[in-house]
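Peer 1: One file is attached below, entry.cif, containing mmCIF, C-alpha atoms.
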```
data_start
#
loop_
_atom_site.label_atom_id
_atom_site.label_comp_id
_atom_site.auth_asym_id
_atom_site.auth_seq_id
_atom_site.Cartn_x
_atom_site.Cartn_y
_atom_site.Cartn_z
CA MET U 4 130.29 113.31 120.36
CA LEU U 5 126.99 111.51 119.64
CA ARG U 6 125.71 111.93 123.18
CA ALA U 7 126.65 115.62 123.37
CA GLU U 8 125.06 116.41 120.03
CA VAL U 9 121.74 114.70 120.68
CA LYS U 10 121.55 116.28 124.15
CA GLU U 11 122.04 119.71 122.64
CA HIS U 12 119.40 118.99 120.00
CA LEU U 13 116.98 117.81 122.68
CA GLU U 14 117.52 120.89 124.86
CA THR U 15 117.64 123.54 122.15
CA GLY U 16 115.39 122.01 119.49
CA ILE U 17 112.84 119.39 120.47
CA ILE U 18 111.95 120.55 123.99
CA PRO U 19 111.40 124.25 123.17
CA PHE U 20 109.42 123.38 120.05
CA TRP U 21 106.98 121.13 121.90
CA GLN U 22 106.65 123.45 124.87
CA GLY U 23 105.62 126.03 122.30
CA MET U 24 102.80 123.75 121.12
CA LYS U 25 101.04 123.92 124.50
CA ASP U 26 97.42 125.05 124.35
CA GLU U 27 97.04 127.22 127.43
CA ARG U 28 93.36 127.93 126.79
CA TYR U 29 91.80 124.52 126.18
CA GLY U 30 94.49 122.23 127.51
CA GLY U 31 96.72 119.64 125.90
CA PHE U 32 98.81 120.47 122.87
CA TYR U 33 97.86 121.80 119.47
CA GLY U 34 97.14 119.07 116.96
CA TRP U 35 98.41 120.46 113.66
CA LEU U 36 101.30 122.50 112.31
CA GLY U 37 101.41 122.38 108.53
CA TYR U 38 104.46 122.06 106.35
CA ASP U 39 104.02 125.80 105.75
CA LEU U 40 104.46 126.24 109.53
CA LYS U 41 100.91 127.59 109.92
CA LEU U 42 99.47 126.52 113.26
CA ASP U 43 95.87 125.32 113.28
CA LYS U 44 94.65 125.97 116.80
CA GLU U 45 91.30 124.36 116.00
CA ALA U 46 92.65 121.06 114.69
CA VAL U 47 91.60 117.74 116.17
CA LYS U 48 93.71 116.66 119.15
CA GLY U 49 94.72 113.03 118.96
CA CYS U 50 94.80 111.20 122.28
CA ILE U 51 97.82 109.20 121.11
CA LEU U 52 99.60 112.50 120.46
CA ASN U 53 98.80 113.71 123.98
CA SER U 54 99.88 110.43 125.61
CA ARG U 55 103.15 110.44 123.72
CA ILE U 56 103.80 114.05 124.74
CA LEU U 57 103.06 113.13 128.36
CA TRP U 58 105.55 110.26 128.09
CA PHE U 59 108.15 112.55 126.52
CA PHE U 60 108.05 115.36 129.06
CA SER U 61 107.94 112.89 131.96
CA ASN U 62 111.10 111.18 130.75
CA ALA U 63 112.80 114.44 129.78
CA TYR U 64 112.26 115.56 133.37
CA LEU U 65 113.64 112.29 134.72
CA ALA U 66 116.75 112.76 132.56
CA LEU U 67 117.32 116.48 132.98
CA GLY U 68 115.58 117.41 136.22
CA GLU U 69 114.24 120.77 135.00
CA GLU U 70 110.98 121.80 136.66
CA SER U 71 109.55 123.27 133.46
CA LEU U 72 109.58 119.77 131.98
CA LEU U 73 107.56 118.38 134.88
CA GLU U 74 105.14 121.28 134.48
CA SER U 75 104.70 120.42 130.79
CA ALA U 76 104.12 116.79 131.71
CA GLY U 77 101.54 117.87 134.27
CA HIS U 78 99.77 119.92 131.61
CA ALA U 79 99.52 116.81 129.40
CA PHE U 80 98.43 114.65 132.35
CA ARG U 81 95.56 116.93 133.28
CA PHE U 82 94.30 116.93 129.69
CA LEU U 83 94.43 113.15 129.54
CA ARG U 84 92.70 112.77 132.90
CA ASP U 85 90.01 115.39 132.28
CA HIS U 86 89.28 114.90 128.57
CA CYS U 87 90.77 111.76 127.00
CA LEU U 88 89.15 109.27 129.40
CA ASP U 89 85.58 108.14 128.80
CA PRO U 90 83.69 108.50 132.11
CA GLU U 91 80.83 106.29 130.90
CA TYR U 92 82.39 103.25 129.23
CA GLY U 93 85.98 103.57 130.34
CA GLY U 94 89.10 103.72 128.22
CA VAL U 95 90.71 106.43 126.14
CA TYR U 96 89.03 108.03 123.13
CA TRP U 97 90.78 108.12 119.77
CA SER U 98 90.60 111.91 119.37
CA LEU U 99 89.06 115.12 120.69
CA THR U 100 87.99 118.46 119.31
CA TYR U 101 90.32 121.36 119.95
CA THR U 102 88.18 122.30 122.96
CA GLY U 103 88.55 118.83 124.47
CA GLU U 104 85.22 117.23 123.56
CA PRO U 105 85.04 113.66 122.14
CA GLU U 106 85.58 113.74 118.36
CA ASP U 107 86.23 110.09 117.46
CA THR U 108 85.04 107.80 120.25
CA THR U 109 86.72 104.67 118.86
CA LYS U 110 88.44 102.67 121.57
CA HIS U 111 91.64 101.13 120.27
CA THR U 112 93.94 98.85 122.24
CA TYR U 113 96.93 100.70 120.78
CA ASN U 114 95.62 103.93 122.30
CA GLN U 115 95.00 102.37 125.71
CA ALA U 116 98.56 101.03 125.67
CA PHE U 117 100.10 104.43 125.05
CA ALA U 118 98.13 105.92 127.92
CA VAL U 119 99.45 103.16 130.23
CA TYR U 120 102.97 103.85 128.95
CA ALA U 121 102.69 107.60 129.52
CA LEU U 122 100.94 107.44 132.89
CA SER U 123 103.51 104.98 134.24
CA SER U 124 106.33 107.33 133.30
CA TYR U 125 104.47 110.33 134.70
CA TYR U 126 103.99 108.51 137.98
CA ASP U 127 107.75 107.87 138.09
CA ALA U 128 108.43 111.55 137.44
CA SER U 129 105.75 113.13 139.63
CA LYS U 130 104.96 110.43 142.24
CA ASN U 131 101.32 111.37 141.69
CA PRO U 132 99.37 108.27 142.81
CA GLU U 133 96.40 109.26 140.64
CA ALA U 134 98.47 108.68 137.52
CA LEU U 135 99.34 105.14 138.61
CA GLU U 136 95.74 104.44 139.57
CA ILE U 137 94.57 105.42 136.07
CA ALA U 138 97.36 103.38 134.45
CA ARG U 139 96.39 100.30 136.43
CA GLY U 140 92.75 100.79 135.50
CA LEU U 141 93.57 100.95 131.80
CA TYR U 142 95.80 97.89 132.13
CA ARG U 143 92.90 95.97 133.65
CA LEU U 144 90.58 97.22 130.92
CA VAL U 145 92.91 95.94 128.20
CA GLU U 146 93.18 92.57 129.89
CA GLU U 147 89.44 92.25 130.50
CA ARG U 148 87.96 93.85 127.38
CA CYS U 149 90.57 93.67 124.61
CA ARG U 150 91.65 90.02 124.57
CA ASP U 151 90.49 86.79 123.00
CA GLU U 152 91.86 83.26 123.26
CA TYR U 153 94.55 84.02 120.65
CA GLY U 154 95.87 87.35 121.85
CA TYR U 155 94.77 90.97 121.80
CA LEU U 156 91.93 92.37 119.75
CA GLU U 157 92.36 95.94 118.59
CA ALA U 158 89.44 98.10 117.44
CA PHE U 159 86.18 98.76 119.27
CA GLU U 160 83.23 101.10 119.29
CA ARG U 161 82.90 103.43 122.26
CA ASP U 162 81.11 100.73 124.28
CA PHE U 163 83.70 98.08 123.32
CA ARG U 164 81.67 96.33 120.67
CA PRO U 165 84.14 95.06 118.02
CA ALA U 166 84.85 97.36 115.05
CA ASP U 167 86.91 97.27 111.87
CA ASN U 168 90.59 97.91 112.54
CA ASP U 169 90.99 100.58 109.86
CA LYS U 170 93.17 102.80 112.05
CA LEU U 171 96.05 100.31 112.32
CA SER U 172 95.57 98.58 108.96
CA GLU U 173 97.38 99.71 105.83
CA ASN U 174 98.61 98.42 102.49
CA GLY U 175 95.16 97.36 101.35
CA VAL U 176 94.37 94.86 104.11
CA MET U 177 92.02 94.93 107.09
CA ALA U 178 93.88 93.27 109.93
CA GLU U 179 92.26 91.97 113.08
CA LYS U 180 95.63 91.84 114.80
CA THR U 181 98.87 93.71 114.12
CA MET U 182 102.49 93.44 115.11
CA ASN U 183 102.46 97.18 115.83
CA THR U 184 99.76 97.07 118.49
CA LEU U 185 101.29 94.02 120.17
CA LEU U 186 104.67 95.74 120.31
CA HIS U 187 103.25 98.79 122.04
CA ILE U 188 101.26 96.77 124.55
CA PHE U 189 104.58 95.15 125.42
CA GLU U 190 106.26 98.54 125.64
CA ALA U 191 103.51 99.87 127.92
CA TYR U 192 103.54 96.84 130.21
CA THR U 193 107.34 97.02 130.43
CA GLU U 194 107.07 100.56 131.78
CA LEU U 195 104.22 99.66 134.14
CA TYR U 196 106.25 96.73 135.47
CA ARG U 197 109.34 98.92 135.82
CA VAL U 198 107.54 101.32 138.15
CA THR U 199 105.43 98.79 140.07
CA GLY U 200 107.24 95.43 140.01
CA GLU U 201 103.83 93.71 140.02
CA GLY U 202 103.96 89.99 139.31
CA GLY U 203 100.75 89.96 137.28
CA VAL U 204 102.23 92.46 134.83
CA ALA U 205 105.38 90.34 134.59
CA ASP U 206 103.23 87.35 133.64
CA ARG U 207 101.62 89.35 130.84
CA LEU U 208 105.06 90.38 129.59
CA ARG U 209 106.00 86.71 129.32
CA TYR U 210 102.77 86.01 127.45
CA LEU U 211 103.51 88.85 125.02
CA LEU U 212 107.07 87.63 124.49
CA ASP U 213 105.72 84.18 123.64
CA LEU U 214 103.39 85.73 121.05
CA MET U 215 106.25 87.71 119.55
CA ALA U 216 108.51 84.69 119.32
CA GLU U 217 105.90 82.18 118.16
CA ARG U 218 103.35 84.22 116.18
CA ILE U 219 104.94 87.47 115.01
CA TYR U 220 108.50 86.44 114.23
CA ASN U 221 109.11 84.59 110.98
CA PRO U 222 112.26 82.49 111.53
CA LEU U 223 112.52 81.54 107.86
CA LEU U 224 112.77 85.18 106.76
CA GLY U 225 114.37 86.55 109.93
CA ARG U 226 111.79 89.28 110.26
CA GLN U 227 108.46 90.07 111.86
CA GLU U 228 105.19 89.72 110.00
CA VAL U 229 102.96 92.79 110.20
CA PHE U 230 99.23 92.21 109.60
CA PHE U 231 97.24 89.16 110.75
CA ASP U 232 93.79 87.66 110.96
CA ARG U 233 92.37 86.74 114.36
CA THR U 234 94.33 83.48 114.62
CA TRP U 235 97.68 84.97 113.56
CA HIS U 236 97.76 84.06 109.87
CA SER U 237 99.84 86.69 108.06
CA LEU U 238 97.82 88.66 105.50
CA ILE U 239 100.54 90.28 103.39
CA ASP U 240 104.19 90.02 102.39
CA LEU U 241 105.34 93.19 104.10
CA TYR U 242 108.68 93.93 105.72
CA SER U 243 108.50 96.96 108.02
CA TYR U 244 112.11 97.91 108.59
CA GLY U 245 111.42 100.63 111.14
CA HIS U 246 109.20 98.43 113.27
CA ASP U 247 111.73 95.62 113.18
CA ILE U 248 114.65 97.70 114.45
CA GLU U 249 112.38 99.35 117.04
CA THR U 250 111.18 95.93 118.20
CA ALA U 251 114.72 94.64 118.59
CA TRP U 252 115.68 97.25 121.17
CA LEU U 253 112.27 97.39 122.88
CA ILE U 254 112.32 93.63 123.45
CA ASP U 255 115.88 93.81 124.75
CA ARG U 256 114.85 96.62 127.07
CA GLY U 257 111.85 94.61 128.25
CA LEU U 258 114.02 91.55 128.87
CA GLU U 259 116.38 93.69 130.92
CA ILE U 260 113.50 95.01 133.06
CA LEU U 261 111.86 91.58 133.39
CA GLY U 262 115.07 89.84 134.40
CA ASP U 263 113.91 86.35 133.41
CA ALA U 264 116.83 84.28 132.12
CA VAL U 265 114.56 81.79 130.36
CA TYR U 266 112.94 84.50 128.26
CA THR U 267 116.22 86.26 127.63
CA ASP U 268 117.59 83.02 126.21
CA LYS U 269 114.47 82.63 124.08
CA LEU U 270 114.24 86.16 122.67
CA ALA U 271 117.80 87.53 122.57
CA PRO U 272 118.77 85.41 119.53
CA ILE U 273 115.73 86.81 117.71
CA THR U 274 116.63 90.43 118.45
CA ARG U 275 120.20 89.80 117.32
CA THR U 276 118.97 88.31 114.05
CA ILE U 277 116.51 91.14 113.45
CA THR U 278 119.22 93.76 114.03
CA GLU U 279 121.67 92.01 111.72
CA ASN U 280 119.07 91.65 108.98
CA ILE U 281 118.00 95.28 109.15
CA TYR U 282 121.64 96.33 108.90
CA ASN U 283 122.15 94.14 105.84
CA ARG U 284 118.80 94.73 104.12
CA ALA U 285 117.61 98.26 104.92
CA TYR U 286 120.65 100.36 105.87
CA ILE U 287 121.29 102.11 102.56
CA ASP U 288 122.73 105.56 101.80
CA HIS U 289 123.45 106.42 105.45
CA SER U 290 119.81 105.81 106.48
CA LEU U 291 117.01 103.24 106.60
CA VAL U 292 114.61 102.74 103.73
CA ASN U 293 111.00 102.51 104.83
CA GLU U 294 109.61 99.05 104.02
CA ALA U 295 109.27 96.40 101.32
CA GLU U 296 105.98 94.96 100.06
CA ASN U 297 106.18 91.82 97.94
CA GLY U 298 109.91 92.45 97.71
CA VAL U 299 109.48 95.98 96.30
CA VAL U 300 111.36 98.50 98.43
CA ASP U 301 109.77 101.79 99.44
CA PRO U 302 112.78 104.14 99.39
CA ARG U 303 111.29 106.96 101.45
CA ARG U 304 113.20 107.99 104.57
CA VAL U 305 110.58 108.44 107.26
CA TRP U 306 111.47 110.50 110.33
CA TRP U 307 110.57 107.95 113.00
CA VAL U 308 112.31 105.10 111.20
CA GLN U 309 115.63 106.97 111.31
CA ALA U 310 115.18 107.81 115.00
CA GLU U 311 114.49 104.17 115.88
CA ALA U 312 117.44 103.02 113.77
CA VAL U 313 119.84 105.14 115.82
CA VAL U 314 118.63 103.54 119.04
CA GLY U 315 118.34 100.07 117.55
CA PHE U 316 121.87 100.00 116.18
CA LEU U 317 123.29 101.50 119.36
CA ASN U 318 121.49 98.76 121.27
CA GLY U 319 122.92 96.17 118.88
CA TYR U 320 126.42 97.44 119.56
CA GLN U 321 125.90 97.37 123.32
CA ARG U 322 124.62 93.80 123.17
CA GLN U 323 127.50 92.74 120.91
CA PRO U 324 130.45 95.10 121.53
CA GLY U 325 132.47 93.28 118.91
CA GLU U 326 130.07 94.51 116.23
CA LYS U 327 131.40 98.05 115.95
CA LYS U 328 129.58 98.40 112.64
CA TYR U 329 126.38 98.99 114.62
CA LEU U 330 127.84 101.92 116.54
CA GLU U 331 129.17 103.35 113.29
CA ALA U 332 125.73 102.96 111.71
CA ALA U 333 124.06 104.78 114.62
CA GLU U 334 126.52 107.66 114.29
CA ASP U 335 126.12 107.69 110.51
CA ILE U 336 122.32 107.87 110.64
CA TRP U 337 122.50 110.66 113.21
CA ARG U 338 124.67 112.64 110.78
CA TYR U 339 122.04 112.01 108.09
CA ILE U 340 119.31 113.23 110.44
CA LYS U 341 121.24 116.41 111.24
CA GLU U 342 121.92 117.13 107.60
CA TYR U 343 118.58 116.31 106.01
CA LEU U 344 115.73 115.52 108.44
CA ILE U 345 115.97 118.34 110.99
CA ASP U 346 114.12 121.27 109.49
CA PRO U 347 116.38 124.35 109.70
CA ARG U 348 113.48 126.80 109.49
CA PRO U 349 112.79 128.73 112.72
CA GLY U 350 109.68 127.44 114.46
CA SER U 351 109.91 123.94 113.02
CA GLU U 352 111.16 120.53 114.14
CA TRP U 353 111.82 117.45 111.91
CA TYR U 354 110.47 116.92 108.44
CA SER U 355 108.03 114.03 108.19
CA GLU U 356 109.84 112.19 105.41
CA LEU U 357 112.35 112.55 102.58
CA ASP U 358 112.34 111.10 99.08
CA GLN U 359 115.25 109.07 97.77
CA ASP U 360 116.89 112.31 96.61
CA ARG U 361 116.78 113.57 100.20
CA LYS U 362 114.12 116.19 99.46
CA PRO U 363 111.44 116.73 102.13
CA ALA U 364 107.83 115.86 101.43
CA ALA U 365 105.34 118.68 101.99
CA LYS U 366 103.75 116.93 104.98
CA ALA U 367 102.73 118.38 108.32
CA ILE U 368 105.35 119.01 110.99
CA VAL U 369 102.78 118.20 113.70
CA GLU U 370 99.77 115.92 113.20
CA PRO U 371 98.07 113.21 115.26
CA TRP U 372 100.92 110.73 114.70
CA LYS U 373 103.89 113.10 114.65
CA CYS U 374 105.18 114.09 118.04
CA PRO U 375 108.34 113.93 120.20
CA TYR U 376 107.92 110.26 121.03
CA HIS U 377 110.38 108.80 118.49
CA ASN U 378 112.93 111.57 118.05
CA GLY U 379 112.76 112.73 121.67
CA ARG U 380 113.10 109.17 122.86
CA MET U 381 116.07 108.69 120.55
CA CYS U 382 117.83 111.57 122.29
CA LEU U 383 116.95 110.27 125.75
CA GLU U 384 118.04 106.71 124.93
CA VAL U 385 121.36 107.84 123.45
CA MET U 386 121.98 109.98 126.52
CA ARG U 387 121.12 107.11 128.88
CA ARG U 388 123.10 104.47 127.02
CA LEU U 389 126.24 106.56 126.51
CA GLU U 390 126.24 108.20 129.92
CA ASP U 391 129.02 105.98 131.23
CA ALA U 392 131.16 106.75 128.19
CA SER U 393 130.79 110.53 128.34
#
```
Transcribe the structure of this file into C-alpha cells.
Peer 2:
Amino acid sequence: MLRAEVKEHLETGIIPFWQGMKDERYGGFYGWLGYDLKLDKEAVKGCILNSRILWFFSNAYLALGEESLLESAGHAFRFLRDHCLDPEYGGVYWSLTYTGEPEDTTKHTYNQAFAVYALSSYYDASKNPEALEIARGLYRLVEERCRDEYGYLEAFERDFRPADNDKLSENGVMAEKTMNTLLHIFEAYTELYRVTGEGGVADRLRYLLDLMAERIYNPLLGRQEVFFDRTWHSLIDLYSYGHDIETAWLIDRGLEILGDAVYTDKLAPITRTITENIYNRAYIDHSLVNEAENGVVDPRRVWWVQAEAVVGFLNGYQRQPGEKKYLEAAEDIWRYIKEYLIDPRPGSEWYSELDQDRKPAAKAIVEPWKCPYHNGRMCLEVMRRLEDAS
C-alpha cells in the first residue's frame, strides 16, 4: 500500500509539477512560486535548487525509465554546466538571475557538494562523461580549497577567500562548521563513490564517518550537535530532529555503498540510537516536530522533516525487522502527509510547513530551498526499499 501510494503521488503529483516549472526561455527552473500560486518568472534561481532538481530527475529516470525524465534532467544539467559554474575561479555560484547571470557569487561547500551529488546521478542516468568530469573537478576543488586541519570549511567569497557562514548558520549563531554541510558532503561523496568506485573517494568517506562519530555525534545525549566553531566546539544547545533522522539513513546508505565492516561496526550503533531517540522524542501526533533549542520544542511540522522521517523510519525497520513500530511510524507519517501537507489546490505541490493545529503557513511553494529533493527522494526511496515486498 505504501509503495503504491507514493509511486502514484510521484508520477501524478511531484513529477508533473516540477516539469511544469521548467524555464524554456532562459534555462533551468523557475525560482519562485508563492503561496498564492503566482509564478515569478524573474525570481532568482538558486544553484542548490537546480542541482537538487538535476538529482531528482536523474533518479526518477533511473527508477521509472521514462525518456521525458531524462530530458528534464538534461535541461537541468545544461543550466548547471553553462551558468552555475564559475569559469574564472571554479566552483558553483550560490545563485543566478532569472536570465542565468551570477547574482550571489558566494562559494559554499554545501553548494559544491550538491552539484557533485547531482552530477554523479546524472552521469549514472545519461552516461554523459562530461557530467562525471565536472563532478570530479568539484570534488577535487572541495578537497583542495575547502578544508583545514580539522575538517571542512564552508563559506567563501567568489575567489575562495574565507567569508562569514551566514547562509548555513541560524538560531542566532555564526558557525564556522555545521553538521548539515558535513552530512551533505558525505551524501555527495557516497554517490560519487557509487558510480566510480574510486579508492580516494572511499578514503574521504571514512574520514567523514570519523568526523561524524567523533565530532558531530554527542553520545551523552544520543543526538548530533548542529553548529560548531572551527575546532568542533558546539555553539548552541539545538536538537534538529529532521537532520538526525535524515543522517541515520544516509549514513546507513553510505555504509552499505562503502562496504567496510570496520566502519559499519563503528557507525551502525550510532544510527540505531539516533533512530530510536527520534522515535521517542520527536514523533508526536502522527508526525515529527521540528527541533528543540535549549529544551524548548518548536512544534512546527516542516515539509522536508516529514519526508525524511518516512525514509528514516523505514530504514530503521529494515535494519531491525523486529522493530515493527518503525514501519508503522513511516506509514503513519505518510498518512499525515497525504492528509495535511500535500496541497490539494491545482497547480501546487506540498505546503512548506504546518502549525501545531495542522494549518499551513503562507510560505512559498517553490523557493531556493524548496524543491523535489526531499519529497521526491522519499518516494524513490520507498519504492526502492519496498520493491521486493510489492
Peer 1: Could you tell me, as a tab-separated table (two decimals) with C-alpha atoms, in the coordinates of the input, exactly which residues end up selected when the PyMOL selection byres ((chain U and resi 285-292) around 6) is applied to this structure?
Peer 2:
```tsv
chain	number	residue	atom	x	y	z
U	281	ILE	CA	118.00	95.28	109.15
U	282	TYR	CA	121.64	96.33	108.90
U	284	ARG	CA	118.80	94.73	104.12
U	293	ASN	CA	111.00	102.51	104.83
U	302	PRO	CA	112.78	104.14	99.39
U	303	ARG	CA	111.29	106.96	101.45
U	304	ARG	CA	113.20	107.99	104.57
U	335	ASP	CA	126.12	107.69	110.51
U	336	ILE	CA	122.32	107.87	110.64
```
Peer 1: Can you list, as a PDB file with C-alpha atoms, in the coordinates of the input, the residues that the PyMOL selection byres ((chain U and resi 60-65) around 9) selects here?
Peer 2:
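Output saved as out_29.pdb:
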```
ATOM      1  CA  LEU U  13     116.980 117.810 122.680  1.00  0.00           C
ATOM      2  CA  ILE U  18     111.950 120.550 123.990  1.00  0.00           C
ATOM      3  CA  ARG U  55     103.150 110.440 123.720  1.00  0.00           C
ATOM      4  CA  ILE U  56     103.800 114.050 124.740  1.00  0.00           C
ATOM      5  CA  LEU U  57     103.060 113.130 128.360  1.00  0.00           C
ATOM      6  CA  TRP U  58     105.550 110.260 128.090  1.00  0.00           C
ATOM      7  CA  PHE U  59     108.150 112.550 126.520  1.00  0.00           C
ATOM      8  CA  ALA U  66     116.750 112.760 132.560  1.00  0.00           C
ATOM      9  CA  LEU U  67     117.320 116.480 132.980  1.00  0.00           C
ATOM     10  CA  GLY U  68     115.580 117.410 136.220  1.00  0.00           C
ATOM     11  CA  GLU U  69     114.240 120.770 135.000  1.00  0.00           C
ATOM     12  CA  GLU U  70     110.980 121.800 136.660  1.00  0.00           C
ATOM     13  CA  SER U  71     109.550 123.270 133.460  1.00  0.00           C
ATOM     14  CA  LEU U  72     109.580 119.770 131.980  1.00  0.00           C
ATOM     15  CA  LEU U  73     107.560 118.380 134.880  1.00  0.00           C
ATOM     16  CA  GLU U  74     105.140 121.280 134.480  1.00  0.00           C
ATOM     17  CA  SER U  75     104.700 120.420 130.790  1.00  0.00           C
ATOM     18  CA  ALA U  76     104.120 116.790 131.710  1.00  0.00           C
ATOM     19  CA  GLY U  77     101.540 117.870 134.270  1.00  0.00           C
ATOM     20  CA  ALA U  79      99.520 116.810 129.400  1.00  0.00           C
ATOM     21  CA  ALA U 121     102.690 107.600 129.520  1.00  0.00           C
ATOM     22  CA  LEU U 122     100.940 107.440 132.890  1.00  0.00           C
ATOM     23  CA  SER U 124     106.330 107.330 133.300  1.00  0.00           C
ATOM     24  CA  TYR U 125     104.470 110.330 134.700  1.00  0.00           C
ATOM     25  CA  TYR U 126     103.990 108.510 137.980  1.00  0.00           C
ATOM     26  CA  ASP U 127     107.750 107.870 138.090  1.00  0.00           C
ATOM     27  CA  ALA U 128     108.430 111.550 137.440  1.00  0.00           C
ATOM     28  CA  SER U 129     105.750 113.130 139.630  1.00  0.00           C
ATOM     29  CA  PRO U 375     108.340 113.930 120.200  1.00  0.00           C
ATOM     30  CA  GLY U 379     112.760 112.730 121.670  1.00  0.00           C
ATOM     31  CA  ARG U 380     113.100 109.170 122.860  1.00  0.00           C
ATOM     32  CA  LEU U 383     116.950 110.270 125.750  1.00  0.00           C
TER      33      LEU U 383
END
```
Peer 1: Which of these, U:Leu141, U:Gly37, U:Cys382, U:Arg256, has the shortest distance to U:Glu11 once you count all atoms listed in the file?
Peer 2: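 For U:Glu11, the nearest of the given residues is U:Cys382.
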Peer 1: Can you list, as number ranges by chain, every protein, DNA or RNA residue that comes within 12 Å of U:Ser123 when you count only C-alpha atoms, leaving out same-chain residues fewer than 5 positions away?
Peer 2: U: 54-55, 57-59, 61-62, 80, 116-118, 128-142, 190-200
Peer 1: Each residue of stretch 276-347 of chain U with at least one atom at most 8 Å from stretch 209-231 of chain U should appear once, together with its nearest atom pair and the corresponding distance in Å (one decimal); atoms considered: all atoms listed in the file; ordering: chain, then increasing residue number; output as a tab-separated table.
Peer 2:
```
residue	atom	partner	partner_atom	distance
U:Thr276	CA	U:Gly225	CA	6.4
U:Ile277	CA	U:Arg226	CA	6.0
U:Asn280	CA	U:Gly225	CA	7.0
```
Peer 1: Given all atoms listed in the file, how would the per-residue table for stretch 7-37 of chain U near stretch 86-107 of chain U read, listing every residue at most 10 Å away with its closest atom pair and distance in Å to one decimal, sorted by chain and number, as a tab-separated table?
Peer 2:
```
residue	atom	partner	partner_atom	distance
U:Asp26	CA	U:Tyr101	CA	9.1
U:Arg28	CA	U:Thr102	CA	8.6
U:Tyr29	CA	U:Thr102	CA	5.3
U:Gly30	CA	U:Gly103	CA	7.5
U:Gly31	CA	U:Gly103	CA	8.3
U:Phe32	CA	U:Tyr101	CA	9.0
U:Tyr33	CA	U:Tyr101	CA	7.6
U:Gly34	CA	U:Tyr101	CA	7.8
```
Peer 1: For the residues selected in the previous step, produce a file with C-alpha atoms as a tab-separated table (two decimals), in the coordinates of the input.
Peer 2:
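out.tsv was written with the following content:
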```tsv
chain	number	residue	atom	x	y	z
U	26	ASP	CA	97.42	125.05	124.35
U	28	ARG	CA	93.36	127.93	126.79
U	29	TYR	CA	91.80	124.52	126.18
U	30	GLY	CA	94.49	122.23	127.51
U	31	GLY	CA	96.72	119.64	125.90
U	32	PHE	CA	98.81	120.47	122.87
U	33	TYR	CA	97.86	121.80	119.47
U	34	GLY	CA	97.14	119.07	116.96
```
Peer 1: Could you tell me which of U:Tyr320, U:Lys41, U:Gln309, U:Ile51 comes closest to U:Asn378 if we count all atoms listed in the file?
Peer 2: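 Selected residue with least distance to U:Asn378: U:Gln309.
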Peer 1: Tell me which protein, DNA and RNA residues are within 9 Å of U:Tyr343, counting only C-alpha atoms, leaving out same-chain ones fewer than 3 positions away, and put them as a ChimeraX atom specification.
Peer 2: /U:338-340,346,354,357,361-363
Peer 1: Using all atoms listed in the file, can you list as a PyMOL selection string the residues within 12 Å of (101.1, 116.8, 113.7)?
Peer 2: chain U and resi 21+24+32-38+40-44+46-49+51-53+56+351-355+366-376
Peer 1: I need the residue nearest U:Glu27 from this list: U:His111, U:Glu14, U:Val314, U:Phe82. Use only C-alpha atoms for the distance.
Peer 2: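 Answer, going by the shortest atom-to-atom distance: U:Phe82.
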Peer 1: Grab the atom CA of U:Ala365 to atom CA of U:Val308 distance for me, in Å with one decimal place.
Peer 2: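 Between atom CA of U:Ala365 and atom CA of U:Val308 the gap works out to 17.8 Å.
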Peer 1: What is the distance, in Å and to one decimal place, between atom CA of U:Leu317 and atom CA of U:Ala333?
Peer 2: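 Taking atom CA of U:Leu317 and atom CA of U:Ala333, their separation equals 5.8 Å.
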